[in-house]
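Participant: Let me give you the structure first, and then I'll get to my questions.
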Amino acid sequence: MNSTQPPGVRAGRTYLDLFLVSFLLLLFELACIRWFGSTVVFLTFFTNIILLATFLGMSVGCLAASSRRDWTRVVLPLFLFVTTLAVVLLWTRGQFGRVLVDVGSQGSPEQVYFGTEFVARDIGSFVVPIELLAAVFFVLIALVFTGVGQVMGRAFTAAPDRLVAYISNIAGSLAGIAAFAAASYLRTTPLFWFAIVGGIWIHFLPRRTTLQVGSLVAILLVMGVFGYNASVRAPFQRSLEYRMQLWSPYYKIHYIPAHGMIVTNNISHQQIVPVGEAPAYLLPHLLSRDAGRKPFEQVLIIGAGSGNDVATALANGAKHVDAVEIDPALYEIGRANHPDHPYQDPRVTVHIDDGRNFLGHTNRQYDLIVYALVDSLVLHSGYSSLRLESFLFTQQAFHDIAARLAPNGVFAGYNFYRQGWIVGRIGRMAEQAFGAPPVVMSLPYADRIGAAESQAHRMTFILASRDPALGGIRQQFQAKQSFWINSRPALNAAVNGYGTQPPNSGNAVTASWLRIAPAAVEIDRADRVPTDDWPFLYLRGRVIPALNLRNIALLAMLSLGFLYVMSPVRQIRINWQMLFLGAGFMLLETKGVVHMALLFGSTWIVNSIVFFAILVMILASNLFVLLVKPRNLWPYYALLVAAFAVNVFVPMSQFLALPGSAKVVVSCAVVFVPIFFAGIVFGALFRRSSQPDVDFGSNIAGAMAGGFAESLALVVGFNYLLIIALGFYLLSAFSGRPVRAHALPGTV
C-alpha cells in the first residue's frame, strides 16, 4: 500500500481489503465444504472436518500475520494439489474395486452411515480407514487457508479502528453467504465458484507469477473437465456408462439414463423404475386391497424423489397425492425421465420442502402417509451432526404423522434400515404415537429381526395406524400366515394375496413369488427413542462413537502440531478470553442452526437465511458498540446468561404450536438475542485490542474447540449443549478483564 496516500485513503483501502478477503473466505469455505464433501469418498458425512480445517488455517494465518514467512504464495499451488488428489482418489476407487473405505466398522456399527457398507471378499481387498482420508485433507485444506488467513490478519493489523475493521469483516462475510446462496439457487457448478474465488485471490497476491496464474488455470481446468457429462467407469463396474452430472443445492448428482440410476455424492441413492417392476412399492396397497379395504384416496409421500412411490399410488386408485421432496433436482430428473410420468398427472401436487416442515403446516387428512426410502446421505450443514432427515425420525415427528392421518389412515415406512436396532427403534416410536404395535415385514422374508442383526440387504416395511385400521391385515395374517406377491405383479390381478403358499403353484415355491409375513422385532425397552432434542436415529446409544473420538483426538493432535510448526505461537501469548468467546459462540451458532431447522425445515434456503441472520445480528451488536461505546461488560454478560437460561429451559417443541407469525418472532428472539449480547461482549473487547491479528486468530481457534465440543450433543442433546456454551462464556468472563473495556488512545 502506498504510504504517501492520505490516512483516510489508506484506511478506506484497508477496510475494503477486509471486506473482500472476508467475502472470499466465506465463499471459499462454503465451496470447499460442498466440493470436497461430494468428491472425497464418504466425506459427505464428515463435512465438519472441512469446516474445522478452514478455521484452523484462518487461525494460524491470523497468528502468523506478522511473520516474515509469506503463505500467500502457496495457496493456489496447494489448492491445485489437493483438488487433484481428491479427483485421483475418486478415480482410483472407481477403477479398482478392491480399494475400500471403512467408516466406523459398518458391520456392527455404533452409528450407521448409509451407503458405506462393504464386504471384503478376500485378503486382496485394500481397506482405507476414513480417519486417514480425513486427516490428509484436514491438513492440506488448513494449509490452503493459512495464506488467506494471513491476508486477513495483516488487514486487521493495518486497520486504524478495530471495530470498524470487524464490521467490514462481518459485512464481507454476509456478502459471501449471499453470493453462495445465489450460486446454489442458480445451480451453478464448482467451476463458477472457484473462478470467482481465484479471481479475487489474484487481487491479493503481491506478485502474479507464472506459477500462480498457471495453478489457477489448472484448477479451473480440473473443475471444468471433472464437471462435464461423460462416459465414466462406475465404482466396482468394468464397463463404461454415460452419466449426466448436475449440482443441486445438496448434492453432486450423476444420473445414468441407461439404468435410471441416480447417484449422489458417489453413493447410489435411487433408481427410476416403472410401476410393477419393483413389487415392494406396491406392498402397502396390495395388503390393504386384499384385506378388503378401499384404495387409499388421499396420499402423502415424503421423500418422493424421482416419483416411483407417486406412480404406484396413482396406479392403485389415489385421487390426490401430495409429493414432498427436499431436493428440486431429484424431482426434475423424475419429472423428465420417469416412464409413467407421475409428476405430470393433475392429481399430484409437488412440494419442494422439508417433510417435517410440511407435516407441521398442512391441514389435510390422509388415508396413507409414506416415508419413501427416506435417507438423505448428507449432513444438514457442516456445523452439526444432523442429517437432512433427522427430524423426520423423532417421537414428536411420529405424533405429527398420527395427527395428519384420517381415522382409518395408515402410515408406511420402508427402507434398507441397515441394523435391527434401528427397525426396533422406529417400531417403538410408531407404537407410542399410534397406541398399537406396528406390522413389521422383511423382504426377503424373515420371521425375526434381532437388534444386532444386519439388515443391509433387507428392505423392511413398517405399517402403523390406530387399530382397527390395520385390523383386517392383522386378521388375514393370523388366519393365513403369509401374503404372496409376484415379483412382477399385475396391478389389478387377483393372484396376489394371502395364503400359505403361492397361488397356482401347488406345493412348489417358485422364484417369481415373494413371501411376506410379520416379523417379530427385538426391541430394547431401555433404549431411548430419538426426540427433537436428540434426533439421532442412526446412533445406537447416547455416546460419542469410537470413530468420532478417534477423529477428535487425531484432528486435535494435528491442530496442535500445525499451530506449533506453522505459526509463531511460541512467541505469541494466546488470548484465552477471545478463545473461550469463539468456542462459546460456535456452540451458540450450532444450537441456532438446529433450532431453526426444526421450526422452519432443514432446507438449504433456511440454512442460508439462518447463517445470514446470525451475521446480521453480529453486525447489529457491533454497531451498538460503535454507537454506545459500552465500558462495563458485566451487565451484558448477565443478559447473556439470562438469554441462555431461556434457551435451555424452554424446549424447542414449545414453539412448534405457535401460529406462523408468532412462531417466527418468538423463535428468532430466543435464538438471536443471546447472539446479540455475545456480539456486544466480543465487539467491545476487540475494539480495545492491541494485537487484533492474534486476538482474531485466537477467536477462530476457539471456534475450532467449539466444533470439537459439538460432538457432546450426541450425549446430552442440543438443548443442554448450551450449558457447555455458557461454561465457555463464563470462562471468558473470568479469564480477562471484562468489567471495563476502555478504548485505546486514538480509537473511536
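Every chain in the C-alpha cells has a letter given in the order shown (A, B, ...), and although residue numbers restart at 1 in each chain, ligands are simply numbered from 1 in the order shown.
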Mind the document's chain letters and residue numbers, and return as a compact mmCIF listing (two decimals) with C-alpha atoms, in the first residue's frame the residues of region 110-198 of chain A that DSSP labels alpha helix (DSSP H).

Facilitator:
```txt
# COMPACT_ATOMS: atom_id res chain seq x y z
CA ILE A 130 -11.92 -42.86 6.75
CA GLU A 131 -9.78 -41.34 9.52
CA LEU A 132 -6.76 -41.43 7.20
CA LEU A 133 -8.58 -39.64 4.41
CA ALA A 134 -9.96 -37.11 6.89
CA ALA A 135 -6.51 -36.40 8.35
CA VAL A 136 -4.85 -35.91 4.95
CA PHE A 137 -7.46 -33.49 3.67
CA PHE A 138 -7.73 -31.73 7.03
CA VAL A 139 -4.05 -30.78 6.94
CA LEU A 140 -3.97 -29.89 3.24
CA ILE A 141 -7.09 -27.68 3.39
CA ALA A 142 -5.77 -25.98 6.53
CA LEU A 143 -2.53 -25.22 4.65
CA VAL A 144 -4.51 -23.69 1.81
CA PHE A 145 -6.45 -21.39 4.15
CA THR A 146 -3.36 -20.30 6.08
CA GLY A 147 -2.36 -17.87 3.34
CA VAL A 148 -5.88 -16.45 3.15
CA GLY A 149 -5.96 -16.03 6.93
CA GLN A 150 -2.61 -14.26 6.80
CA VAL A 151 -4.06 -11.63 4.45
CA MET A 152 -6.96 -11.13 6.86
CA GLY A 153 -4.67 -10.82 9.88
CA ARG A 154 -2.49 -8.23 8.15
CA ALA A 155 -5.54 -6.21 7.17
CA PHE A 156 -6.77 -6.23 10.78
CA THR A 157 -3.35 -5.07 11.97
CA ALA A 158 -3.29 -2.23 9.43
CA ARG A 162 -10.54 -2.32 15.24
CA LEU A 163 -14.29 -2.21 15.48
CA VAL A 164 -14.82 -0.68 12.05
CA ALA A 165 -12.46 -3.34 10.72
CA TYR A 166 -14.55 -6.08 12.32
CA ILE A 167 -17.72 -4.55 10.89
CA SER A 168 -16.07 -4.68 7.45
CA ASN A 169 -15.24 -8.33 8.12
CA ILE A 170 -18.85 -9.16 9.01
CA ALA A 171 -20.20 -7.25 6.00
CA GLY A 172 -17.89 -9.20 3.68
CA SER A 173 -18.96 -12.47 5.29
CA LEU A 174 -22.61 -11.54 4.76
CA ALA A 175 -21.91 -10.87 1.09
CA GLY A 176 -20.09 -14.21 0.79
CA ILE A 177 -23.03 -16.16 2.20
CA ALA A 178 -25.46 -14.29 -0.04
CA ALA A 179 -23.28 -14.96 -3.09
CA PHE A 180 -23.06 -18.70 -2.41
CA ALA A 181 -26.80 -18.88 -1.74
CA ALA A 182 -27.41 -17.24 -5.13
CA ALA A 183 -24.95 -19.64 -6.77
CA SER A 184 -26.81 -22.59 -5.23
CA TYR A 185 -30.18 -21.25 -6.31
CA PRO A 190 -17.78 -25.64 -8.92
CA LEU A 191 -16.10 -24.15 -11.97
CA PHE A 192 -18.09 -20.97 -11.37
CA TRP A 193 -17.48 -20.94 -7.59
CA PHE A 194 -13.73 -21.37 -7.80
CA ALA A 195 -13.39 -18.99 -10.73
CA ILE A 196 -14.76 -16.22 -8.51
CA VAL A 197 -12.54 -17.29 -5.61
CA GLY A 198 -9.46 -17.42 -7.83
```

Participant: Give the answer as one residue: which of A:Ala336, A:Tyr414, A:Phe461, A:Leu300 has the shortest atom-to-atom distance to Ile401 (chain A), using only C-alpha atoms?

Facilitator: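 Between A:Ala336, A:Tyr414, A:Phe461, A:Leu300, the residue approaching Ile401 (chain A) most closely is A:Leu300.
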
Participant: May I ask which of the residues A:Trp604, A:Leu211, A:Thr14, A:Ala291 is the closest one to Ala479 (chain A), counting only C-alpha atoms?

Facilitator: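 Among A:Trp604, A:Leu211, A:Thr14, A:Ala291, it is A:Ala291 that comes nearest to Ala479 (chain A).
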
Participant: Find the residues near region 684-693 of chain A: any atom within 7 Å, counting only C-alpha atoms, skip ones fewer than 2 places away on the same chain, and give them as a CSV table (one decimal) with N, CA, C and O atoms, in the first residue's frame.

Facilitator:
```csv
chain,number,residue,atom,x,y,z
A,62,CYS,N,-3.9,-15.8,10.7
A,62,CYS,CA,-4.0,-14.6,11.5
A,62,CYS,C,-2.9,-14.5,12.5
A,62,CYS,O,-2.3,-13.4,12.7
A,63,LEU,N,-2.6,-15.6,13.2
A,63,LEU,CA,-1.5,-15.6,14.2
A,63,LEU,C,-0.1,-15.3,13.5
A,63,LEU,O,0.8,-14.8,14.1
A,65,ALA,N,0.3,-13.3,10.9
A,65,ALA,CA,0.2,-12.1,10.1
A,65,ALA,C,1.5,-11.3,10.2
A,65,ALA,O,1.9,-10.7,9.2
A,153,GLY,N,-5.4,-11.3,8.7
A,153,GLY,CA,-4.7,-10.8,9.9
A,153,GLY,C,-3.9,-9.5,9.6
A,153,GLY,O,-3.9,-8.6,10.5
A,154,ARG,N,-3.2,-9.4,8.5
A,154,ARG,CA,-2.5,-8.2,8.1
A,154,ARG,C,-3.4,-7.0,7.9
A,154,ARG,O,-3.1,-5.9,8.3
A,156,PHE,N,-6.3,-6.6,9.4
A,156,PHE,CA,-6.8,-6.2,10.8
A,156,PHE,C,-5.7,-5.4,11.5
A,156,PHE,O,-6.0,-4.4,12.1
A,157,THR,N,-4.4,-5.8,11.3
A,157,THR,CA,-3.3,-5.1,12.0
A,157,THR,C,-3.2,-3.7,11.4
A,157,THR,O,-2.9,-2.7,12.1
A,162,ARG,N,-10.3,-0.9,15.2
A,162,ARG,CA,-10.5,-2.3,15.2
A,162,ARG,C,-12.0,-2.7,15.0
A,162,ARG,O,-12.3,-3.6,14.3
A,163,LEU,N,-12.9,-1.9,15.6
A,163,LEU,CA,-14.3,-2.2,15.5
A,163,LEU,C,-14.8,-2.0,14.1
A,163,LEU,O,-15.6,-2.8,13.6
A,625,VAL,N,-22.0,-1.3,19.8
A,625,VAL,CA,-20.7,-1.0,20.4
A,625,VAL,C,-20.2,0.3,19.9
A,625,VAL,O,-19.7,1.2,20.6
A,630,PRO,N,-19.9,0.8,25.1
A,630,PRO,CA,-20.0,0.2,26.5
A,630,PRO,C,-18.7,-0.1,27.1
A,630,PRO,O,-17.8,-0.5,26.4
A,680,ILE,N,-21.9,-8.1,21.5
A,680,ILE,CA,-21.5,-6.9,22.2
A,680,ILE,C,-20.2,-7.1,23.0
A,680,ILE,O,-19.3,-6.3,23.0
A,681,VAL,N,-20.2,-8.2,23.7
A,681,VAL,CA,-19.0,-8.6,24.5
A,681,VAL,C,-17.8,-8.7,23.6
A,681,VAL,O,-16.7,-8.0,23.9
A,682,PHE,N,-17.9,-9.4,22.5
A,682,PHE,CA,-16.7,-9.6,21.6
A,682,PHE,C,-16.3,-8.2,21.0
A,682,PHE,O,-15.1,-7.9,21.0
A,695,ASP,N,-5.7,-11.7,18.4
A,695,ASP,CA,-7.0,-11.9,19.1
A,695,ASP,C,-8.0,-12.5,18.2
A,695,ASP,O,-8.8,-13.4,18.6
A,696,PHE,N,-8.0,-12.1,16.9
A,696,PHE,CA,-8.9,-12.7,16.0
A,696,PHE,C,-8.6,-14.2,15.7
A,696,PHE,O,-9.4,-15.0,15.6
A,697,GLY,N,-7.3,-14.4,15.6
A,697,GLY,CA,-6.8,-15.8,15.4
A,697,GLY,C,-7.2,-16.7,16.6
A,697,GLY,O,-7.6,-17.8,16.4
A,741,ALA,N,-14.0,-2.1,29.5
A,741,ALA,CA,-13.4,-2.3,28.2
A,741,ALA,C,-13.0,-0.9,27.6
A,741,ALA,O,-13.7,-0.3,26.8
A,742,HIS,N,-11.9,-0.3,28.2
A,742,HIS,CA,-11.5,1.0,27.8
A,742,HIS,C,-11.0,1.0,26.3
A,742,HIS,O,-10.4,0.1,25.9
A,743,ALA,N,-11.3,2.1,25.7
A,743,ALA,CA,-10.9,2.3,24.3
A,743,ALA,C,-9.4,2.7,24.3
A,743,ALA,O,-8.9,3.3,25.2
A,744,LEU,N,-8.7,2.2,23.3
A,744,LEU,CA,-7.3,2.6,23.1
A,744,LEU,C,-7.2,4.0,22.7
A,744,LEU,O,-8.1,4.6,22.0
```

Participant: Name the residues of region 14-160 of chain A that come out as strand (DSSP E) in a backbone DSSP run; write them as an NGL selection string.

Facilitator: :A and (99-102 or 126-129)

Participant: Suppose we keep N, CA and C atoms; can you now write the selection as a compact mmCIF listing (two decimals), in the first residue's frame?

Facilitator:
```
# COMPACT_ATOMS: atom_id res chain seq x y z
N VAL A 99 -10.21 -51.34 -3.69
CA VAL A 99 -9.87 -50.24 -2.79
C VAL A 99 -11.14 -49.83 -2.04
N LEU A 100 -11.20 -50.15 -0.76
CA LEU A 100 -12.41 -49.94 0.04
C LEU A 100 -12.13 -48.95 1.16
N VAL A 101 -13.15 -48.21 1.52
CA VAL A 101 -13.04 -47.22 2.60
C VAL A 101 -13.91 -47.68 3.76
N ASP A 102 -13.29 -47.81 4.93
CA ASP A 102 -14.02 -48.25 6.11
C ASP A 102 -14.48 -47.03 6.91
N PHE A 126 -8.03 -53.86 -0.34
CA PHE A 126 -7.23 -52.86 0.37
C PHE A 126 -8.19 -51.91 1.06
N VAL A 127 -8.18 -51.91 2.39
CA VAL A 127 -9.13 -51.13 3.17
C VAL A 127 -8.44 -49.89 3.72
N VAL A 128 -9.03 -48.74 3.43
CA VAL A 128 -8.51 -47.46 3.89
C VAL A 128 -9.47 -46.91 4.94
N PRO A 129 -9.03 -46.65 6.16
CA PRO A 129 -9.94 -46.06 7.17
C PRO A 129 -10.27 -44.62 6.82
```

Participant: For Val610 (chain A), which residue out of A:Phe672, A:Trp534, A:Phe114, A:Tyr250 is the nearest one, using only C-alpha atoms?

Facilitator: A:Phe672

Participant: Counting only C-alpha atoms, which residue out of A:Leu186, A:Val40, A:Ile272, A:Ala31 sits closest to Thr92 (chain A)?

Facilitator: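 Among A:Leu186, A:Val40, A:Ile272, A:Ala31, it is A:Val40 that comes nearest to Thr92 (chain A).
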
Participant: So that I can see what lies close to region 484-488 of chain A, please list as a list in words the residues with an atom at most 10 Å from it, counting only C-alpha atoms and leaving out residues fewer than 4 positions away in the same chain.

Facilitator: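 My list of contacting residues is Val275, Gly276, Glu277, Ala278, Pro279, Ala280, Leu282, Leu283, Leu286, Leu287, Val495, Asn496, Gly497, Tyr498, Gly499, Thr500, Gln501, Pro502, Pro503, Thr510, Ala511, Ser512, Trp513, Leu514, Arg515, Ile516 and Ala517 of chain A.
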
Participant: Can you tell me which residues surround region 382-398 of chain A at a distance of at most 8 Å, considering only C-alpha atoms, apart from same-chain residues fewer than 4 positions away, and format the answer as a ChimeraX atom specification?

Facilitator: /A:33,46-51,355-356,374-378,402,426,429-430,432-433,529-532,535-537,590,594,598,602-603,707,710-711

Participant: For Ile422 (chain A), work out the shell of residues within 12 Å, counting only C-alpha atoms and skipping chain neighbours fewer than 4 positions away, then give it as a ChimeraX atom specification.

Facilitator: /A:109-112,393,414-418,426-429,449-456,460,462,521-524,527-530,536-541

Participant: Could you write out that same residue set with N, CA and C atoms as a tab-separated table (two decimals), in the first residue's frame?

Facilitator:
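As written to disk, selection34.tsv reads:
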```
chain	number	residue	atom	x	y	z
A	109	PRO	N	-21.96	-51.39	13.67
A	109	PRO	CA	-21.57	-50.00	13.97
A	109	PRO	C	-22.23	-49.42	15.21
A	110	GLU	N	-21.56	-48.43	15.79
A	110	GLU	CA	-22.20	-47.61	16.82
A	110	GLU	C	-23.09	-46.55	16.18
A	111	GLN	N	-22.72	-46.11	14.98
A	111	GLN	CA	-23.50	-45.15	14.23
A	111	GLN	C	-23.51	-45.57	12.77
A	112	VAL	N	-24.68	-45.54	12.16
A	112	VAL	CA	-24.86	-46.05	10.79
A	112	VAL	C	-24.71	-44.91	9.79
A	393	PHE	N	-37.39	-38.53	12.02
A	393	PHE	CA	-37.36	-39.74	12.82
A	393	PHE	C	-37.18	-39.39	14.30
A	414	TYR	N	-40.61	-47.52	4.72
A	414	TYR	CA	-39.80	-48.64	4.26
A	414	TYR	C	-38.45	-48.16	3.78
A	415	ASN	N	-37.46	-49.01	4.02
A	415	ASN	CA	-36.09	-48.71	3.63
A	415	ASN	C	-35.22	-49.92	3.94
A	416	PHE	N	-33.97	-49.85	3.50
A	416	PHE	CA	-32.95	-50.80	3.93
A	416	PHE	C	-32.33	-50.18	5.19
A	417	TYR	N	-32.90	-50.48	6.34
A	417	TYR	CA	-32.54	-49.75	7.56
A	417	TYR	C	-31.21	-50.16	8.17
A	418	ARG	N	-30.53	-51.11	7.59
A	418	ARG	CA	-29.16	-51.50	7.92
A	418	ARG	C	-29.01	-52.29	9.21
A	426	ILE	N	-37.70	-47.50	15.40
A	426	ILE	CA	-38.80	-46.92	14.63
A	426	ILE	C	-40.12	-47.55	15.06
A	427	GLY	N	-40.09	-48.87	15.28
A	427	GLY	CA	-41.29	-49.56	15.74
A	427	GLY	C	-41.79	-49.01	17.07
A	428	ARG	N	-40.87	-48.71	17.99
A	428	ARG	CA	-41.27	-48.15	19.29
A	428	ARG	C	-41.90	-46.78	19.12
A	429	MET	N	-41.30	-45.93	18.27
A	429	MET	CA	-41.87	-44.60	18.06
A	429	MET	C	-43.28	-44.70	17.46
A	449	ILE	N	-36.42	-60.23	13.55
A	449	ILE	CA	-35.39	-59.21	13.30
A	449	ILE	C	-34.71	-58.92	14.63
A	450	GLY	N	-33.50	-59.43	14.78
A	450	GLY	CA	-32.75	-59.23	16.01
A	450	GLY	C	-32.11	-57.85	16.04
A	451	ALA	N	-31.94	-57.31	17.25
A	451	ALA	CA	-31.38	-55.97	17.38
A	451	ALA	C	-29.98	-55.87	16.81
A	452	ALA	N	-29.20	-56.92	16.94
A	452	ALA	CA	-27.81	-56.87	16.48
A	452	ALA	C	-27.64	-57.42	15.07
A	453	GLU	N	-28.73	-57.77	14.40
A	453	GLU	CA	-28.63	-58.36	13.07
A	453	GLU	C	-28.57	-57.30	11.98
A	454	SER	N	-27.70	-57.53	11.02
A	454	SER	CA	-27.60	-56.61	9.89
A	454	SER	C	-28.84	-56.72	9.00
A	455	GLN	N	-29.34	-55.58	8.60
A	455	GLN	CA	-30.49	-55.53	7.69
A	455	GLN	C	-30.09	-54.83	6.38
A	456	ALA	N	-28.80	-54.79	6.10
A	456	ALA	CA	-28.29	-54.01	4.96
A	456	ALA	C	-28.87	-54.48	3.64
A	460	THR	N	-37.12	-53.38	4.86
A	460	THR	CA	-38.05	-53.57	5.98
A	460	THR	C	-39.23	-52.64	5.80
A	462	ILE	N	-42.66	-51.08	7.59
A	462	ILE	CA	-43.30	-50.81	8.87
A	462	ILE	C	-44.64	-50.15	8.58
A	521	VAL	N	-39.92	-58.43	16.14
A	521	VAL	CA	-38.81	-57.48	16.22
A	521	VAL	C	-38.31	-57.41	17.66
A	522	GLU	N	-37.01	-57.62	17.82
A	522	GLU	CA	-36.41	-57.50	19.14
A	522	GLU	C	-36.28	-56.01	19.48
A	523	ILE	N	-36.89	-55.60	20.56
A	523	ILE	CA	-36.91	-54.19	20.96
A	523	ILE	C	-36.31	-54.06	22.35
A	524	ASP	N	-35.34	-53.17	22.46
A	524	ASP	CA	-34.74	-52.88	23.75
A	524	ASP	C	-35.56	-51.77	24.41
A	527	ASP	N	-33.85	-48.66	25.62
A	527	ASP	CA	-33.31	-47.74	24.62
A	527	ASP	C	-34.17	-46.48	24.55
A	528	ARG	N	-33.54	-45.32	24.56
A	528	ARG	CA	-34.27	-44.06	24.46
A	528	ARG	C	-34.48	-43.72	23.00
A	529	VAL	N	-35.72	-43.47	22.64
A	529	VAL	CA	-36.01	-43.19	21.24
A	529	VAL	C	-35.58	-41.76	20.91
A	530	PRO	N	-35.32	-41.47	19.64
A	530	PRO	CA	-34.93	-40.11	19.25
A	530	PRO	C	-36.03	-39.09	19.55
A	536	PHE	N	-31.11	-38.46	16.77
A	536	PHE	CA	-30.05	-39.29	16.21
A	536	PHE	C	-30.54	-40.74	16.06
A	537	LEU	N	-31.37	-40.98	15.06
A	537	LEU	CA	-31.90	-42.32	14.82
A	537	LEU	C	-30.79	-43.33	14.61
A	538	TYR	N	-29.74	-42.94	13.91
A	538	TYR	CA	-28.73	-43.89	13.48
A	538	TYR	C	-27.59	-44.06	14.49
A	539	LEU	N	-27.72	-43.45	15.65
A	539	LEU	CA	-26.73	-43.59	16.72
A	539	LEU	C	-27.30	-44.55	17.77
A	540	ARG	N	-26.58	-45.62	18.04
A	540	ARG	CA	-27.18	-46.69	18.85
A	540	ARG	C	-27.43	-46.27	20.30
A	541	GLY	N	-26.58	-45.48	20.88
A	541	GLY	CA	-26.79	-45.06	22.27
A	541	GLY	C	-26.36	-43.62	22.45
```

Participant: If we count only C-alpha atoms, what is near Phe358 (chain A) at a cut-off of 12 Å, once residues fewer than 4 positions away on the same chain are taken out, given as a list in words?

Facilitator: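 Here the answer would be Leu300, Ile301, Ile302, Gly303, Asp322, Ala323, Val324, Glu325, Ile326, Val350, His351, Ile352, Asp353, Asp354, Thr362, Asn363, Arg364, Phe391, Leu392, Ala397, Asp400, Ile401, Arg404, Leu598, Leu599, Phe600, Gly601, Ser602 and Thr603 of chain A.
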
Participant: Compare A:Thr349, A:Ser698, A:Ser735, A:Thr189 by their minimum atom-to-atom distance to Arg573 (chain A), counting only C-alpha atoms, and give me the closest one.

Facilitator: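 Among the listed residues, A:Ser698 lies closest to Arg573 (chain A).
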
Participant: In Å, rounded to a single decimal, give me how far CA of Ser215 (chain A) is from CA of Leu90 (chain A).

Facilitator: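 Between CA of Leu90 (chain A) and CA of Ser215 (chain A) the gap works out to 21.0 Å.
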